[in-house]
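Taking it in order: structure first as structure tokens, then the write-up.
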Amino acid sequence: MNLPAAEWYDLRDLNGISRLITEWVADWGPDWLASILTGVIGALGVLAIIGPTLLILIWLERKVIARMQARIGPNRVGPVGLLQPVADAVKLILKEELAPRAADKWVFFLPPVLIFVPAILIWGVLPFGPNMSVADLEMGVLFLVAISGVNVLVVFMAGWAQNNKYALFGAMRVIAMSISYEIPVVLSLLALVFFTGTLSVNGIVLWQQANDVVLFLIFPMSALMFLFGSTAELNRTPADISEAESEIVAGYHTEYSGMRFGLFYAVELANTLAISAFFATFFLGGWWLWGLDQWVPSWLILLAKTGLMYFVFIWLRGTLPRLRLDQLMSFCWKFFVPVGLVFLAVAATQRTLLIELGWDPAVALPIYAVINWGIAGAGVAIYARTAASPAQRLPSRPVMARGRLGGLRAARELADAGSGD
Amino acid sequence: MTSGTPTGVTPGAAEGGFGPNEPVVVNLGPQHPSTHGVFRLKATLDGERVIDADMIIGYLHRSMEKLAEERTFTQNIPFTDRIDYLAAMSNNLAYCLAVEKLCGIEVPPRAQAIRILFAELQRLASHAMANGTFANDCGAWQTPLFHMFRERERILDMFEMTCGARLTTNYMRIGGVAFDLPPELLPALRSFLDDLPGKIEEYRDLLLGNEILVARSRDVGVIDAEGAVNASLAGPVLRATGVPWDIRKADPYSGYEAFDFDIPVGRNGDCYDRFLVRMEEVRQSVQILEQLIDNIPGGAWLAELPLHLRPPEGEAYARVESPRGELGFYVVSDGGPTPYRFHCRAPSLINLTALREMTIGGTLADAIVTLGSIDIVVGEIDR
Amino acid sequence: MSDVGFHLAFWSLSALTIGGALMIIVSRNLIHAVIFLILSFIGVAGLFITLSADFLALVQILVYVGAIAVLMLFAILLTPRAARDNEESLMRYPAMILMGLVIAAGVFVALETDWGPMREGAIGTQAKIIGESLINQYVLPFEIGAVMLTAALVGAIALARQDDEDLPIHTASLIEEGVLPPPDGDAADAPAGPGDDS
């Protein structure tokens, strides 16, 4: 928007190169070739950006988690262990790929491949810069939601085909959870769509640029819902129950070995990266950073914000235990869905007030932010008060026996003394 | 209507003709990430709910109690290391106490103090392991475990500098301990004791205050005081139900009566209480060690004994409060150089018997947490 | 839209849709059938895109692939005897006649429809147009649909709700198991720990 159509050598807008090639092809070739080429170049460009980023982030994840766990982490392969992801991949490729005899052959074979489709498609609508998305769809947000829903089916195919109970449990869990958590994610995005008045992903960034504000400040609860709902859909802690290691071994990919497992793993990381990027886009301003995007390539700004969000995901993984399936469900249905509906109404009201009454955004937006933070805080406080069961309110200090000793009678005395305190 | 060939490979679905509540049997173990060894829990599930649980043990049976009848009393000490390999010192101590009781041996005061020192250090190490793996079972991705391993590592270093081994220490002897304390041990212990209370507070804040951990473990795997006493449970599992029972207080051995410490008990008898009791016991152990460290008497560390010990005919039972509960050794002598009967009352085995009652009605995830909170050591269960 | 690209897309997507639909019938395994159904849905979504109906295409994927197919899988897994082979059923002859009628109706509609507006090209901002017509012109059907869906949701919850919800799951199961006496007995609060009196 602010940039003129860039020259091909302008690093701030890599789209220039793509445009140069497609215009050259359009000169002599049929125009369907040019449009196919646009897609291919876009996909290759996306892969070229996320591939190396992913490798670095795998290393980063292992390093950061190691630091959180008082360990050193990979430090043998390459300088400071940087080549560890490569070594892992080589190891996975060299491993034998086993298939259970009772597995449903085709349904078992397909998911590791199919799961890449939504994982790559999702990048299509991500704006790396003002005019730097593979397809700046008018309904980019809807596209994002629709494509991430397809993931569930592939995971279900994987879990079902293995003829393994753990895998089936993982698949059932992932379906139940994804269906439930799609609602808060959609509600949070819908609030943004209501407020900014556009379904386009780039449009939301442009809105943030036009109003000089990041949406995280105005809709904190939507950001939380998107973040937590995403952890549920990505199977990451604290919602990694579909591959809960201590319960159902490896969940829906229990029987996959070698590179088949590697593909699941890679897609999980790629999806995490994608969700980090979309969080950065929706709530942190995407490629825009208060004018810095005029000087620094906008895609670098986006990658930096993505890295920040990825760190948050690593942080959650390194520090939180896992919730139980029913707890996740009740958290979704009893907290996120009502609060999401409230914020939908709030966003619609605020938008209407802004447009109809013609308020100055510079005045109205800070007020909105204060109101929304207040509502979000009140919602969290109310839920925290009401959600805990009586036992969960018991103090986190044990009763001290103070010289009492014995069996049931002493236990009863202690309990009476404890209740008297 | 004839049912043709089953086409689905869904577990159970191929049979056809059953209602939606047909249970699924899932084997957790013997090869499973969370069974703490080769223990097998055969859970019958209705959806995610456990409606029956069978405990199948014996995968680690090494016939120690029979083997011990072929070896002399002193040669049996290494076996006790391997019964509960996470609390070797406590097992050494319990066995030595039993044989000393049988022979009527007086243990020198210095040896008694050293025994308490290492038994309490062993309790710290074992509880660190128990609490770390418990958090792991709750889904905390190894982080608490590694942090607790950091502390445990220092304890194992102290074991190593004293007796050369870290896990299977084989340190205690009938009538005392094998070696005197090395000079570098007490400074190491001093700095460890200085650091530990701060670390414990850190763990309290990070783990006991963690809402997810509370939600996962409160009201999970509940057993009440009466049930626990009836099932003959012991140790933190019993104390979590509110019963103040600790062998160190109830039947003091090795000079525990001289120390001032308290017994923490729980309120609800759930997994969180077990975790809580272990956390507090760590602090009480630190208190015991603080009282001990400057008051270790001098003198001999091993009683004068004949090389070939032949206890008089008779039997003896000695018990200690091991990290997992009441650990007892029953030794019968027929006057010969080897025991006529050697039996171990393993707290893990007896605590495990309550698992079925604790898990039924909970979910699969609860069963894992409950199993982790009981803190079993399969070597002790199977022996 | 150039002719070659359009035809390429149209024919491949049509093949995908019809091939998927055929495989649903041919496949003897219900789960496979659902997977082919999804393939067919995706083909339809692609066809919508070739008609420049992006919104419909995305909704097709979101609703049919993401939700309805998943619900079908759930239904198949949770329904007893769902995976049985029904080759021998006599009901297939009426079913064939019924399907023949449906196909005939479809062909008739396809031949009789005036496809003229199709040639007018793509509509611009569809989301806006669809949204505006939903809350202006078609607001009554829209609201009726919403109320019906809510009623269906409430009905589903009412059907699925269990009566023993007031007891904690743990206690209810222990009673079922015979470990605990039924709640009317004196020991109904047996699992309560000693600290629970407070």
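Convention: chains lettered A, B, ... in structure tokens order; per-chain residue numbering from 1; ligands numbered from 1 as shown.
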Distance query segment 145-152 of chain A at most 9 Å, only C-alpha atoms, self and fewer than 6 positions along chain excluded, as a ChimeraX atom specification: /A:114-115,117-119,121-122,171,174-175,178-179,182,185-186,233 /C:58-63,65-67,70
Taking N, CA and C atoms for each residue, export the selection above as a short mmCIF file (atom, residue, chain, number, x, y, z; two decimals), in the first residue's frame.
```
data_model
loop_
_atom_site.label_atom_id
_atom_site.label_comp_id
_atom_site.auth_asym_id
_atom_site.auth_seq_id
_atom_site.Cartn_x
_atom_site.Cartn_y
_atom_site.Cartn_z
N LEU A 114 -0.57 -36.75 2.93
CA LEU A 114 -1.70 -35.83 2.84
C LEU A 114 -1.60 -34.71 3.85
N ILE A 115 -0.99 -34.99 4.98
CA ILE A 115 -1.00 -33.99 6.04
C ILE A 115 -0.19 -32.77 5.64
N VAL A 117 -0.57 -31.28 2.82
CA VAL A 117 -1.36 -30.40 1.95
C VAL A 117 -1.90 -29.20 2.71
N PRO A 118 -2.67 -29.41 3.80
CA PRO A 118 -3.12 -28.22 4.53
C PRO A 118 -1.96 -27.44 5.11
N ALA A 119 -0.89 -28.16 5.52
CA ALA A 119 0.22 -27.46 6.16
C ALA A 119 0.88 -26.47 5.20
N LEU A 121 -0.76 -25.34 2.26
CA LEU A 121 -1.80 -24.44 1.75
C LEU A 121 -2.02 -23.25 2.68
N ILE A 122 -1.89 -23.51 3.96
CA ILE A 122 -2.23 -22.49 4.94
C ILE A 122 -1.34 -21.25 4.77
N ALA A 171 -6.73 -40.53 17.95
CA ALA A 171 -7.52 -39.96 16.86
C ALA A 171 -8.85 -39.44 17.39
N VAL A 174 -8.25 -36.27 19.24
CA VAL A 174 -7.92 -35.13 18.42
C VAL A 174 -9.15 -34.61 17.70
N ILE A 175 -10.04 -35.52 17.30
CA ILE A 175 -11.25 -35.05 16.62
C ILE A 175 -12.14 -34.30 17.59
N SER A 178 -10.42 -30.97 18.37
CA SER A 178 -10.33 -30.00 17.28
C SER A 178 -11.68 -29.40 16.96
N ILE A 179 -12.72 -30.26 16.96
CA ILE A 179 -14.05 -29.74 16.67
C ILE A 179 -14.44 -28.70 17.71
N GLU A 182 -12.21 -25.47 17.46
CA GLU A 182 -12.40 -24.65 16.27
C GLU A 182 -13.32 -23.48 16.59
N VAL A 185 -11.57 -20.53 18.27
CA VAL A 185 -10.67 -19.91 17.31
C VAL A 185 -11.47 -19.08 16.32
N VAL A 186 -12.56 -19.67 15.82
CA VAL A 186 -13.38 -18.93 14.85
C VAL A 186 -14.00 -17.71 15.51
N GLU A 233 -5.40 -27.33 18.71
CA GLU A 233 -5.44 -27.89 17.36
C GLU A 233 -4.08 -28.38 16.92
N LEU C 58 -15.00 -22.34 -0.07
CA LEU C 58 -14.44 -22.42 1.28
C LEU C 58 -15.45 -22.97 2.27
N VAL C 59 -16.71 -22.55 2.10
CA VAL C 59 -17.73 -23.06 3.01
C VAL C 59 -17.93 -24.55 2.78
N GLN C 60 -17.83 -24.96 1.52
CA GLN C 60 -17.92 -26.39 1.21
C GLN C 60 -16.86 -27.18 1.99
N ILE C 61 -15.62 -26.66 1.96
CA ILE C 61 -14.55 -27.37 2.68
C ILE C 61 -14.77 -27.28 4.17
N LEU C 62 -15.12 -26.08 4.64
CA LEU C 62 -15.26 -25.89 6.08
C LEU C 62 -16.39 -26.75 6.64
N VAL C 63 -17.53 -26.73 5.97
CA VAL C 63 -18.69 -27.41 6.53
C VAL C 63 -18.70 -28.89 6.16
N VAL C 65 -16.26 -30.91 4.50
CA VAL C 65 -15.06 -31.70 4.79
C VAL C 65 -14.73 -31.62 6.27
N GLY C 66 -14.77 -30.39 6.81
CA GLY C 66 -14.30 -30.22 8.18
C GLY C 66 -15.28 -30.70 9.22
N ALA C 67 -16.57 -30.63 8.94
CA ALA C 67 -17.53 -30.94 10.00
C ALA C 67 -18.37 -32.16 9.67
N VAL C 70 -16.48 -35.45 9.37
CA VAL C 70 -16.01 -35.88 10.69
C VAL C 70 -17.15 -36.47 11.49
#
```
Would you pick out the contacts of Gly131 of chain C at 12 Å or less, using only C-alpha atoms, so that residues sharing its chain but fewer than 5 positions from it are not included, and give the list as a ChimeraX atom specification? /A:199 /C:55,125-126,136-139,142
Residue with smallest distance to chain C - pool A:Met139, A:Met259, A:Val125, A:Val193, counting only C-alpha atoms: A:Met139
As number ranges by chain, please: every residue in segment 98-285 of chain B that DSSP puts in strand (DSSP E or B). B: 172-173, 176-177, 264-265
I need the residues from that last selection saved to file as a compact mmCIF listing (two decimals), in the first residue's frame (with N, CA and C atoms), if you can.
```
# COMPACT_ATOMS: atom_id res chain seq x y z
N MET B 172 26.05 -50.13 53.63
CA MET B 172 25.90 -50.49 55.03
C MET B 172 26.37 -51.92 55.24
N ARG B 173 26.87 -52.16 56.42
CA ARG B 173 27.33 -53.50 56.77
C ARG B 173 26.63 -53.92 58.05
N GLY B 176 27.37 -51.78 61.18
CA GLY B 176 27.86 -50.44 60.90
C GLY B 176 27.80 -50.11 59.44
N VAL B 177 28.81 -49.35 58.99
CA VAL B 177 28.88 -49.03 57.57
C VAL B 177 30.24 -49.43 57.04
N PRO B 264 4.22 -34.79 57.98
CA PRO B 264 3.18 -34.12 57.20
C PRO B 264 2.11 -35.13 56.78
N VAL B 265 0.85 -34.75 56.89
CA VAL B 265 -0.22 -35.60 56.38
C VAL B 265 -1.11 -34.79 55.45
```
Using DSSP assignments from the backbone, pull out every residue in segment 31-269 of chain B that falls under alpha helix (DSSP H) and give it to me as a ChimeraX atom specification. /B:64-67,77-83,88-103,109-137,143-163,185-203,211-217,225-230,236-239,247-250
Compile the contact shell of Glu100 of chain B as a list in words: residues with an atom at most 10 Å away, counting only C-alpha atoms, same-chain residues fewer than 5 positions apart removed. Ala94, Tyr95, Ile105, Glu106, Val107, Arg173, Ile174, Gly175, Gly176, Pro311, Ala316 and Ala318 of chain B
Expected answer as a ChimeraX atom specification: chain A residues within 7 Å of chain B, only C-alpha atoms: /A:68-70,160,163,165,245-247,249,317-324,391-392,396,398-402,404-408,410-411
Just-selected residues, C-alpha atoms written as a PDB file, in the first residue's frame:
```
ATOM      1  CA  MET A  68      14.536 -24.616  30.671  1.00  0.00           C
ATOM      2  CA  GLN A  69      15.336 -28.129  31.796  1.00  0.00           C
ATOM      3  CA  ALA A  70      18.785 -27.283  33.164  1.00  0.00           C
ATOM      4  CA  TRP A 160      -7.766 -45.327  12.462  1.00  0.00           C
ATOM      5  CA  ASN A 163      -5.344 -50.872  14.040  1.00  0.00           C
ATOM      6  CA  LYS A 165      -5.839 -48.825  20.345  1.00  0.00           C
ATOM      7  CA  GLU A 245       3.267 -39.586  25.709  1.00  0.00           C
ATOM      8  CA  SER A 246       2.635 -40.734  29.239  1.00  0.00           C
ATOM      9  CA  GLU A 247      -0.891 -41.938  28.500  1.00  0.00           C
ATOM     10  CA  VAL A 249       2.354 -43.614  23.940  1.00  0.00           C
ATOM     11  CA  ARG A 317       5.706 -26.691  26.153  1.00  0.00           C
ATOM     12  CA  GLY A 318       8.665 -26.472  28.460  1.00  0.00           C
ATOM     13  CA  THR A 319       6.767 -25.383  31.523  1.00  0.00           C
ATOM     14  CA  LEU A 320       3.179 -26.601  31.624  1.00  0.00           C
ATOM     15  CA  PRO A 321       1.680 -29.973  32.483  1.00  0.00           C
ATOM     16  CA  ARG A 322      -1.073 -31.396  30.345  1.00  0.00           C
ATOM     17  CA  LEU A 323      -4.787 -31.004  30.922  1.00  0.00           C
ATOM     18  CA  ARG A 324      -7.197 -33.884  30.816  1.00  0.00           C
ATOM     19  CA  ALA A 391     -10.945 -30.152  46.836  1.00  0.00           C
ATOM     20  CA  GLN A 392      -9.033 -27.935  44.457  1.00  0.00           C
ATOM     21  CA  SER A 396      -1.212 -26.362  49.227  1.00  0.00           C
ATOM     22  CA  PRO A 398       0.054 -30.332  54.304  1.00  0.00           C
ATOM     23  CA  VAL A 399      -1.311 -30.751  57.808  1.00  0.00           C
ATOM     24  CA  MET A 400       1.524 -31.255  60.273  1.00  0.00           C
ATOM     25  CA  ALA A 401       1.017 -34.049  62.771  1.00  0.00           C
ATOM     26  CA  ARG A 402       2.709 -32.146  65.635  1.00  0.00           C
ATOM     27  CA  ARG A 404       0.240 -37.058  67.016  1.00  0.00           C
ATOM     28  CA  LEU A 405       0.860 -40.584  65.922  1.00  0.00           C
ATOM     29  CA  GLY A 406      -1.291 -43.553  65.183  1.00  0.00           C
ATOM     30  CA  GLY A 407      -3.995 -44.859  62.958  1.00  0.00           C
ATOM     31  CA  LEU A 408      -7.520 -43.851  62.170  1.00  0.00           C
ATOM     32  CA  ALA A 410      -5.232 -39.967  65.198  1.00  0.00           C
ATOM     33  CA  ALA A 411      -6.242 -39.193  61.625  1.00  0.00           C
TER      34      ALA A 411
END
```
Distance cut-off 7 Å, counting only C-alpha atoms - which residues of chain A neighbour chain C? Return them as a list in words. Asp31, Trp32, Leu142, Phe143, Ala146, Gly149, Val150, Leu153, Arg412, Ala415 and Ser419 of chain A
Atoms kept (N, CA and C atoms) for selection, written as a JSON list (two decimals), in the first residue's frame:
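Everything below was put into again_6.json:
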```
[["chain", "number", "residue", "atom", "x", "y", "z"],
["A", 31, "ASP", "N", -1.66, -17.61, -21.01],
["A", 31, "ASP", "CA", -1.73, -16.97, -19.70],
["A", 31, "ASP", "C", -2.04, -17.97, -18.60],
["A", 32, "TRP", "N", -2.56, -19.17, -18.95],
["A", 32, "TRP", "CA", -2.74, -20.16, -17.86],
["A", 32, "TRP", "C", -1.39, -20.64, -17.35],
["A", 142, "LEU", "N", -11.41, -16.97, 6.31],
["A", 142, "LEU", "CA", -12.24, -18.15, 6.12],
["A", 142, "LEU", "C", -11.42, -19.30, 5.56],
["A", 143, "PHE", "N", -10.52, -18.96, 4.64],
["A", 143, "PHE", "CA", -9.63, -19.96, 4.05],
["A", 143, "PHE", "C", -8.80, -20.62, 5.16],
["A", 146, "ALA", "N", -10.99, -22.92, 7.19],
["A", 146, "ALA", "CA", -11.41, -24.10, 6.44],
["A", 146, "ALA", "C", -10.26, -25.09, 6.28],
["A", 149, "GLY", "N", -9.21, -27.02, 9.30],
["A", 149, "GLY", "CA", -10.14, -28.07, 9.69],
["A", 149, "GLY", "C", -9.87, -29.39, 8.98],
["A", 150, "VAL", "N", -9.24, -29.32, 7.82],
["A", 150, "VAL", "CA", -8.98, -30.54, 7.04],
["A", 150, "VAL", "C", -7.96, -31.44, 7.74],
["A", 153, "LEU", "N", -9.12, -34.57, 9.61],
["A", 153, "LEU", "CA", -9.47, -35.78, 8.88],
["A", 153, "LEU", "C", -8.24, -36.64, 8.62],
["A", 412, "ARG", "N", -8.46, -38.90, 62.56],
["A", 412, "ARG", "CA", -9.69, -38.14, 62.78],
["A", 412, "ARG", "C", -9.41, -36.91, 63.65],
["A", 415, "ALA", "N", -7.80, -34.31, 61.57],
["A", 415, "ALA", "CA", -8.73, -33.66, 60.65],
["A", 415, "ALA", "C", -9.59, -32.67, 61.40],
["A", 419, "SER", "N", -9.65, -28.69, 60.81],
["A", 419, "SER", "CA", -10.83, -27.92, 60.43],
["A", 419, "SER", "C", -11.08, -26.82, 61.44]]
```
